[in-house]
Amino acid sequence: MDLNLKNRVALVCGASKGIGKACAIALAGEGARTILCARTESLLKEAVKEINDSGGEADYITFDLSNTGSIKNLADRAISIYGRIDILVNNAGGPPAGEDLSFDVSAWEAAFKLTFLSAEELTKHLIPDMIKRKWGRIINLTSVTVKQPINGLMLSNSIRLAVIGWAKTLSQNYAQYGITINNIATGYTLTDRVRQLFKSKAASADKSVDEIIEEIGKTIPIKRMAEPSEIASVVAFLASDRASYVNGATIPVDGGYSVSTL
Ligand code: NAD
């Protein structure tokens, strides 16, 4: 299927590593000029080089998405690179894990800023231009925790649902301007971050990280974790005209992990 993103410009947040980087590679691979945003310039440069060396067109912006007061700045810089943004992928690092009652107010506020406000503010500043051009795609990378809470992930279980409610509301009001807004409920995906998270689990169980990954894989109907590119393929589809009638959806890409019927 040719997704034909040749005349589109994409901004992918949290794109120096993991799933965000895979999304940037997939969108650029379909022809979109792609701007990668994250905090670490060296990693962004590497990712942009990888895309440009394989025939894509990419650039980057170094920005900390928890600086929610300055997000208009990010939106303006992004628009100035290729003249517009058609596709926005909202993504950042996940909120920290921890016991249910262990988070103080500042932890809740920090998680809310990074997980909710960064997406809300960036969308708010980019959507007016999409309305003018009567075309836009906003894709929020969330988590399987919106379908099924995971113990130990209280901040994600709670705040990611605010993203879903916000996105659903927007999707009702902006589809008339050719803008679709959808969410991915990402399941276990093999990124460096996940490998890092499993290190302590592996050490306490006296197992290797690969053994832990295999064990968790077995709990998923598809019997393995996802590769980042498997999440990115769905994002690229949602970003295309092929997905023109998909709006307000939260799509689990989790190998069947979440057991809710809908
Ligand atoms: P990752 O740590 O590999 O990548 C996160 C990206 O976001 C990196 O590029 C990082 O630099 C960037 N980032 C983090 N904080 C930022 C900030 N303040 N400002 C700008 N950029 C920032 O993580 P990942 O595994 O690719 O996961 C991406 C998202 O998907 C996370 O929110 C994670 O919780 C969620 N998720 C991941 C999985 C999984 O199994 N990997 C499952 C469900 C949900």
# chains A, B, ... in the order shown; residues from 1 in each chain; ligands from 1
$ residues_near_ligand --ligand "ligand 1" --cutoff "7 Å" --atoms "only C-alpha atoms and all ligand atoms" --output "VMD selection string"
chain A and resid 13 to 21 37 to 40 63 to 66 91 to 95 114 141 to 144 186 to 194
$ residues_around --residues "A:Ala26" --least-positions-apart "2" --cutoff "10 Å" --atoms "only C-alpha atoms" --output "ChimeraX atom specification"
/A:20-24,28-32,34,51,56,229-237
$ atom_distance --atom1 "atom CA of A:Phe116" --atom2 "atom CA of A:Ala185"
14.7 Å
$ closest_residue --among "A:Ser260, A:Asn151, A:Asn90, A:Thr219" --to "A:Ile138" --atoms "only C-alpha atoms"
A:Asn90
$ select_by_dssp --residues "stretch 55-195 of chain A" --states "helix (DSSP H, G or I)" --output "PyMOL selection string"
chain A and resi 68-82+105-133+144-146+154-177+192-195
